[in-house]
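Structure file my_file_2.cif with mmCIF, C-alpha atoms and all ligand atoms:
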```cif
data_input
#
loop_
_atom_site.label_atom_id
_atom_site.label_comp_id
_atom_site.auth_asym_id
_atom_site.auth_seq_id
_atom_site.Cartn_x
_atom_site.Cartn_y
_atom_site.Cartn_z
CA MET A 1 0.00 0.00 0.00
CA LYS A 2 1.21 3.50 -0.81
CA GLN A 3 2.35 5.41 2.24
CA VAL A 4 2.42 9.08 1.35
CA GLY A 5 1.35 11.21 -1.57
CA TYR A 6 2.34 14.82 -2.06
CA LEU A 7 -0.43 16.49 -4.01
CA THR A 8 0.58 19.18 -6.49
CA ILE A 9 -1.96 20.98 -8.65
CA ASP A 10 -0.79 23.05 -11.61
CA ASP A 11 -2.18 26.02 -13.52
CA ALA A 12 -4.20 27.46 -10.67
CA PRO A 13 -6.26 29.43 -9.98
CA SER A 14 -9.03 28.69 -12.47
CA ALA A 15 -12.70 29.63 -12.02
CA ASP A 16 -13.08 26.23 -10.31
CA PHE A 17 -10.17 26.75 -7.91
CA LEU A 18 -12.28 27.48 -4.83
CA ASN A 19 -14.34 24.32 -5.37
CA LYS A 20 -11.10 22.32 -5.33
CA VAL A 21 -9.89 24.12 -2.22
CA LYS A 22 -13.19 23.40 -0.49
CA LEU A 23 -13.24 19.74 -1.52
CA LEU A 24 -9.68 19.20 -0.31
CA THR A 25 -10.39 21.08 2.92
CA SER A 26 -13.42 18.87 3.60
CA LYS A 27 -11.19 15.80 3.21
CA GLU A 28 -8.29 17.33 5.17
CA ILE A 29 -5.97 16.95 2.16
CA PRO A 30 -3.12 19.48 1.97
CA ALA A 31 -1.73 20.50 -1.42
CA LEU A 32 0.73 22.68 -3.27
CA PHE A 33 -0.95 24.79 -5.94
CA PHE A 34 1.45 25.89 -8.68
CA CYS A 35 -0.05 29.14 -9.91
CA ARG A 36 0.29 31.09 -13.11
CA GLY A 37 0.94 34.76 -12.31
CA GLN A 38 -1.56 35.85 -14.94
CA TYR A 39 -4.31 33.85 -13.26
CA LEU A 40 -3.40 35.03 -9.77
CA GLU A 41 -3.78 38.61 -10.95
CA GLU A 42 -7.34 37.77 -11.97
CA ARG A 43 -8.23 36.02 -8.69
CA PRO A 44 -6.03 37.31 -5.88
CA ASP A 45 -8.79 36.82 -3.30
CA ASP A 46 -9.04 33.13 -4.18
CA GLY A 47 -5.31 32.83 -3.53
CA ILE A 48 -5.71 34.54 -0.16
CA TYR A 49 -8.57 32.20 0.75
CA ALA A 50 -6.48 29.11 -0.08
CA ILE A 51 -3.48 30.38 1.90
CA LYS A 52 -5.67 30.99 4.94
CA LYS A 53 -6.92 27.40 4.63
CA GLY A 54 -3.33 26.14 4.83
CA PHE A 55 -2.64 25.50 1.14
CA VAL A 56 0.71 26.55 -0.30
CA LEU A 57 1.03 28.64 -3.45
CA GLY A 58 3.98 27.91 -5.70
CA ASN A 59 5.25 29.71 -8.78
CA HIS A 60 4.39 28.22 -12.21
CA SER A 61 5.66 31.20 -14.27
CA TYR A 62 3.64 34.21 -15.39
CA SER A 63 2.37 33.26 -18.85
CA HIS A 64 3.17 29.53 -19.03
CA PRO A 65 5.67 29.46 -21.92
CA ARG A 66 8.05 26.64 -22.75
CA PHE A 67 11.24 27.80 -21.07
CA SER A 68 13.42 26.11 -23.71
CA GLU A 69 12.00 28.59 -26.22
CA LEU A 70 12.90 31.68 -24.18
CA SER A 71 16.11 33.58 -23.54
CA LEU A 72 17.55 33.26 -20.05
CA ASN A 73 16.43 36.79 -19.23
CA GLU A 74 12.90 36.02 -20.36
CA CYS A 75 12.91 32.94 -18.08
CA PHE A 76 14.06 35.07 -15.16
CA GLN A 77 11.33 37.62 -15.88
CA GLU A 78 8.65 34.90 -15.93
CA ILE A 79 9.80 33.69 -12.50
CA LYS A 80 10.26 37.16 -10.99
CA GLN A 81 6.90 38.55 -12.05
CA THR A 82 4.97 35.71 -10.42
CA ASP A 83 7.26 35.70 -7.40
CA GLU A 84 6.25 39.30 -6.69
CA ILE A 85 2.55 38.52 -7.15
CA ILE A 86 2.77 35.57 -4.73
CA ASP A 87 4.67 37.68 -2.21
CA LYS A 88 1.93 40.30 -2.27
CA ILE A 89 -0.83 37.71 -1.88
CA TYR A 90 0.89 36.26 1.20
CA ARG A 91 1.30 39.78 2.62
CA ASP A 92 -2.37 40.54 2.01
CA ALA A 93 -3.31 37.22 3.63
CA GLU A 94 -1.09 38.15 6.59
CA VAL A 95 0.51 34.73 6.42
CA THR A 96 4.27 34.11 6.21
CA ARG A 97 5.20 32.56 2.88
CA PRO A 98 6.39 29.10 3.95
CA ALA A 99 8.75 28.52 1.02
CA LYS A 100 9.55 29.63 -2.50
CA LEU A 101 8.56 26.78 -4.77
CA PHE A 102 8.74 26.62 -8.54
CA ARG A 103 7.48 24.27 -11.21
CA PHE A 104 8.32 24.69 -14.89
CA PRO A 105 5.43 24.92 -17.35
CA TYR A 106 5.21 21.56 -19.16
CA GLY A 107 8.05 20.35 -16.90
CA ASP A 108 10.35 21.97 -19.45
CA LYS A 109 13.47 22.76 -17.42
CA GLY A 110 15.01 24.50 -20.41
CA SER A 111 16.05 21.40 -22.32
CA GLY A 112 12.80 21.01 -24.24
CA THR A 113 12.76 17.32 -23.28
CA ASP A 114 11.15 15.26 -20.54
CA ALA A 115 12.99 14.39 -17.36
CA GLU A 116 11.62 10.84 -17.56
CA LEU A 117 13.74 10.27 -20.66
CA GLY A 118 16.93 11.76 -19.24
CA TRP A 119 18.74 14.87 -20.41
CA PRO A 120 20.23 15.59 -23.83
CA ASP A 121 24.02 15.53 -23.99
CA ASP A 122 24.21 19.06 -25.26
CA LYS A 123 26.58 21.50 -23.59
CA GLU A 124 24.64 24.61 -24.51
CA LYS A 125 21.36 23.23 -23.22
CA LYS A 126 22.98 22.09 -20.00
CA LEU A 127 24.41 25.58 -19.45
CA PHE A 128 20.99 27.09 -20.12
CA MET A 129 19.33 24.74 -17.62
CA ARG A 130 22.08 25.49 -15.08
CA GLY A 131 21.46 29.22 -15.59
CA ILE A 132 17.82 28.86 -14.57
CA GLN A 133 18.70 26.67 -11.58
CA ASN A 134 21.25 29.27 -10.45
CA TYR A 135 18.61 31.97 -10.71
CA LEU A 136 16.20 29.94 -8.59
CA LYS A 137 18.88 29.34 -6.00
CA LYS A 138 19.91 32.98 -5.87
CA HIS A 139 16.30 34.02 -5.28
CA GLY A 140 15.62 31.63 -2.43
CA TYR A 141 13.80 28.83 -4.25
CA GLU A 142 14.15 25.43 -2.63
CA GLN A 143 13.61 21.73 -3.07
CA PRO A 144 11.64 20.88 0.05
CA ILE A 145 11.99 17.44 1.58
CA PHE A 146 9.76 14.88 -0.09
CA GLU A 147 10.37 11.86 2.08
CA ASN A 148 11.23 8.52 0.58
CA ILE A 149 11.01 9.15 -3.16
CA SER A 150 13.06 6.15 -4.26
CA TYR A 151 12.46 5.77 -8.01
CA LYS A 152 15.68 5.27 -9.95
CA TRP A 153 14.52 7.32 -12.94
CA TYR A 154 13.81 10.26 -10.63
CA LYS A 155 17.21 10.10 -9.00
CA ASN A 156 19.06 9.43 -12.25
CA ALA A 157 17.62 12.64 -13.67
CA GLY A 158 18.77 14.46 -10.52
CA LEU A 159 15.28 15.77 -9.88
CA HIS A 160 15.72 15.63 -6.12
CA LEU A 161 18.71 17.98 -6.36
CA ASP A 162 17.15 20.68 -8.53
CA LEU A 163 15.57 23.83 -7.17
CA ASP A 164 12.32 23.30 -9.02
CA ILE A 165 9.75 20.66 -8.21
CA TYR A 166 9.01 17.82 -10.62
CA TRP A 167 6.61 14.95 -10.08
CA THR A 168 6.68 11.16 -9.92
CA TYR A 169 3.10 10.40 -10.88
CA TYR A 170 1.19 12.35 -13.50
CA THR A 171 -2.53 11.58 -13.71
CA PHE A 172 -2.80 12.57 -17.40
CA ASP A 173 -5.86 14.67 -16.55
CA CYS A 174 -4.46 17.19 -19.07
CA ALA A 175 -4.83 14.66 -21.87
CA VAL A 176 -8.53 14.39 -21.05
CA ALA A 177 -8.82 18.19 -21.11
CA GLU A 178 -7.04 18.28 -24.47
CA TYR A 179 -9.36 15.66 -25.93
CA ARG A 180 -12.45 17.46 -24.67
CA SER A 181 -11.39 20.85 -25.98
CA THR A 182 -9.79 19.92 -29.31
CA GLY A 183 -10.76 16.31 -30.00
CA THR A 184 -7.07 15.37 -30.15
CA GLU A 185 -6.73 11.77 -29.07
CA HIS A 186 -3.88 10.88 -26.75
CA PRO A 187 -1.51 8.33 -28.35
CA LEU A 188 -1.98 6.02 -25.35
CA GLY A 189 -5.74 6.53 -25.25
CA TYR A 190 -5.94 8.74 -22.16
CA ASN A 191 -9.04 10.51 -23.42
CA ASN A 192 -11.47 9.95 -20.57
CA LEU A 193 -11.71 9.41 -16.84
CA ARG A 194 -12.00 5.63 -17.21
CA SER A 195 -8.67 5.32 -19.02
CA ILE A 196 -6.72 7.46 -16.56
CA LEU A 197 -8.27 5.64 -13.60
CA ALA A 198 -7.21 2.34 -15.20
CA ARG A 199 -3.67 3.75 -15.57
CA MET A 200 -3.55 4.30 -11.81
CA ASP A 201 -3.87 0.53 -11.34
CA GLU A 202 -0.84 -0.26 -13.51
CA ASP A 203 2.28 -1.40 -11.75
CA GLU A 204 5.39 0.04 -13.42
CA PRO A 205 7.40 1.87 -10.76
CA GLU A 206 10.22 2.78 -13.14
CA GLY A 207 7.76 3.68 -15.87
CA CYS A 208 6.22 6.53 -13.84
CA ARG A 209 3.28 4.37 -12.77
CA GLY A 210 4.21 3.54 -9.22
CA LEU A 211 1.03 4.29 -7.33
CA ASN A 212 0.79 0.65 -6.28
CA TYR A 213 4.45 0.41 -5.35
CA SER A 214 4.78 0.62 -1.60
CA ARG A 215 8.53 1.31 -1.51
CA SER A 216 8.38 4.86 -2.81
CA ASN A 217 6.15 7.79 -2.00
CA ASP A 218 4.81 9.87 -4.87
CA ILE A 219 4.64 13.51 -5.90
CA ILE A 220 1.30 13.50 -7.68
CA LEU A 221 0.38 15.94 -10.44
CA LEU A 222 -3.15 17.10 -11.20
CA HIS A 223 -4.39 20.24 -12.93
CA ASP A 224 -6.76 23.07 -12.16
CA TYR A 225 -7.96 23.19 -15.77
CA PRO A 226 -11.24 24.36 -17.23
CA GLY A 227 -13.22 21.57 -18.89
CA ILE A 228 -12.17 18.79 -16.50
CA GLU A 229 -13.62 20.16 -13.27
CA ALA A 230 -15.80 17.06 -12.94
CA ILE A 231 -12.92 14.57 -12.96
CA PHE A 232 -10.98 16.18 -10.11
CA LYS A 233 -13.10 14.68 -7.34
CA PRO A 234 -13.12 11.10 -8.72
CA LEU A 235 -9.33 11.23 -9.16
CA ILE A 236 -8.87 12.35 -5.56
CA GLU A 237 -11.28 9.67 -4.38
CA ALA A 238 -9.42 7.01 -6.37
CA LEU A 239 -6.16 8.05 -4.69
CA LEU A 240 -7.81 7.87 -1.26
CA THR A 241 -9.19 4.43 -2.10
CA LYS A 242 -5.63 3.34 -2.85
CA GLY A 243 -4.74 4.33 0.71
CA VAL A 244 -2.70 7.39 -0.19
CA TYR A 245 -2.12 9.58 2.85
CA PHE A 246 -1.55 13.18 1.76
CA LYS A 247 1.09 15.34 3.35
CA LEU A 248 2.95 18.55 2.61
CA PRO A 249 6.71 18.28 2.11
CA ILE A 250 9.01 19.69 4.78
CA PHE A 251 10.19 23.24 4.08
CA SER A 252 13.54 24.58 5.16
CA ILE A 253 12.09 27.32 7.38
ZN ZN A 301 1.18 24.09 -16.34
#
```
Structure encoded using structure tokens:
Amino acid sequence: MKQVGYLTIDDAPSADFLNKVKLLTSKEIPALFFCRGQYLEERPDDGIYAIKKGFVLGNHSYSHPRFSELSLNECFQEIKQTDEIIDKIYRDAEVTRPAKLFRFPYGDKGSGTDAELGWPDDKEKKLFMRGIQNYLKKHGYEQPIFENISYKWYKNAGLHLDLDIYWTYYTFDCAVAEYRSTGTEHPLGYNNLRSILARMDEDEPEGCRGLNYSRSNDIILLHDYPGIEAIFKPLIEALLTKGVYFKLPIFSI
């Protein structure tokens, strides 16, 4: 049985954000919400409400670009702009910001490739990625302690050492959103709730499907996307049925 799950929810806050906050509150499930600066500007009060309920707001850039397609300065600007918005929301909530947390849009750390597949052996790309990591470090971003994440692929990619936060289990809720909005079928058939629930039952710890693997905890990725509001609750309930106990990671302060 899975011991601990760290719930991370990207692309908040949408119009449905408060419903998610209320559902999670009712189930006593803590979560990190990675917010787009643009969206926080539209719904600062929703951010304040979530903070006061004990949720943590992380930085998910301002306009959600692929960082590998930007200049380093543009990357820094994307991080800085949202950092300032989050700072203000915490001040307005009169709550101390517990940590500076960052997640790259699309998980694109600047290489344009997926961490699950390892990094390209390209000097220029590595320097670019290092430049962003250095910026995060300089500005107080941290990798909090996610206890007992033991997947080899995760460690091989050095994800536990970076100053952004990746994930170990992605629900593929985005693929359902994509199918519903554009009709684009996912190559692996993740077009509906049934298929992504079935994926949760697969047992491939080193293939990013380790929810049934008791020897590693998981950093679980869901989205606060329009169009898939209705599948959020069943996904959470499926995780609870699996025995996942949700915790926040340990921050350095
Ligand atoms: Zn995103």
Worksheet entry | Environment of ligand ZN 301 (chain A) within 8 Å, counting all atoms listed in the file, reported as a PyMOL selection string | chain A and resi 10-11+34+36+60+64+104-107+223
Contact residues around Asp164 of chain A with all atoms listed in the file at 10 Å, ignoring same-chain residues under 2 positions, as a CSV table (one decimal) with C-alpha atoms, keeping the file's coordinate frame:
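Saved result, part_0.csv, follows:
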```csv
chain,number,residue,atom,x,y,z
A,59,ASN,CA,5.2,29.7,-8.8
A,60,HIS,CA,4.4,28.2,-12.2
A,100,LYS,CA,9.6,29.6,-2.5
A,101,LEU,CA,8.6,26.8,-4.8
A,102,PHE,CA,8.7,26.6,-8.5
A,103,ARG,CA,7.5,24.3,-11.2
A,104,PHE,CA,8.3,24.7,-14.9
A,107,GLY,CA,8.0,20.4,-16.9
A,109,LYS,CA,13.5,22.8,-17.4
A,132,ILE,CA,17.8,28.9,-14.6
A,133,GLN,CA,18.7,26.7,-11.6
A,136,LEU,CA,16.2,29.9,-8.6
A,137,LYS,CA,18.9,29.3,-6.0
A,141,TYR,CA,13.8,28.8,-4.2
A,142,GLU,CA,14.2,25.4,-2.6
A,143,GLN,CA,13.6,21.7,-3.1
A,144,PRO,CA,11.6,20.9,0.0
A,159,LEU,CA,15.3,15.8,-9.9
A,160,HIS,CA,15.7,15.6,-6.1
A,161,LEU,CA,18.7,18.0,-6.4
A,162,ASP,CA,17.2,20.7,-8.5
A,166,TYR,CA,9.0,17.8,-10.6
```
Item to complete: Would you kindly return, as a PyMOL selection string, each protein, DNA or RNA residue with an atom no farther than 6 Å from any atom of segment 167-173 of chain A, considering only C-alpha atoms and excluding same-chain residues fewer than 5 positions away?
Response: chain A and resi 208+218-221
Discussion item. So the first atom is atom CA of Gly227 of chain A and the second is atom CA of Lys27 of chain A; what is the distance between them in Å, to one decimal place?
Written reply: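 These two atoms are separated by 22.9 Å.
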Discussion item. So, with only C-alpha atoms as the atoms that count, which of A:Leu18, A:Leu32, A:Ala177, A:Leu240 lies closest to Ile165 of chain A?
Written reply: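 Checking each candidate against Ile165 of chain A, we get A:Leu32 as the closest.
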Fill in: Which of A:Ile85, A:Leu163, A:Cys174, A:Ala50 sits closest to Gln38 of chain A [using only C-alpha atoms]
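Result for the nearest residue to Gln38 of chain A: A:Ile85.
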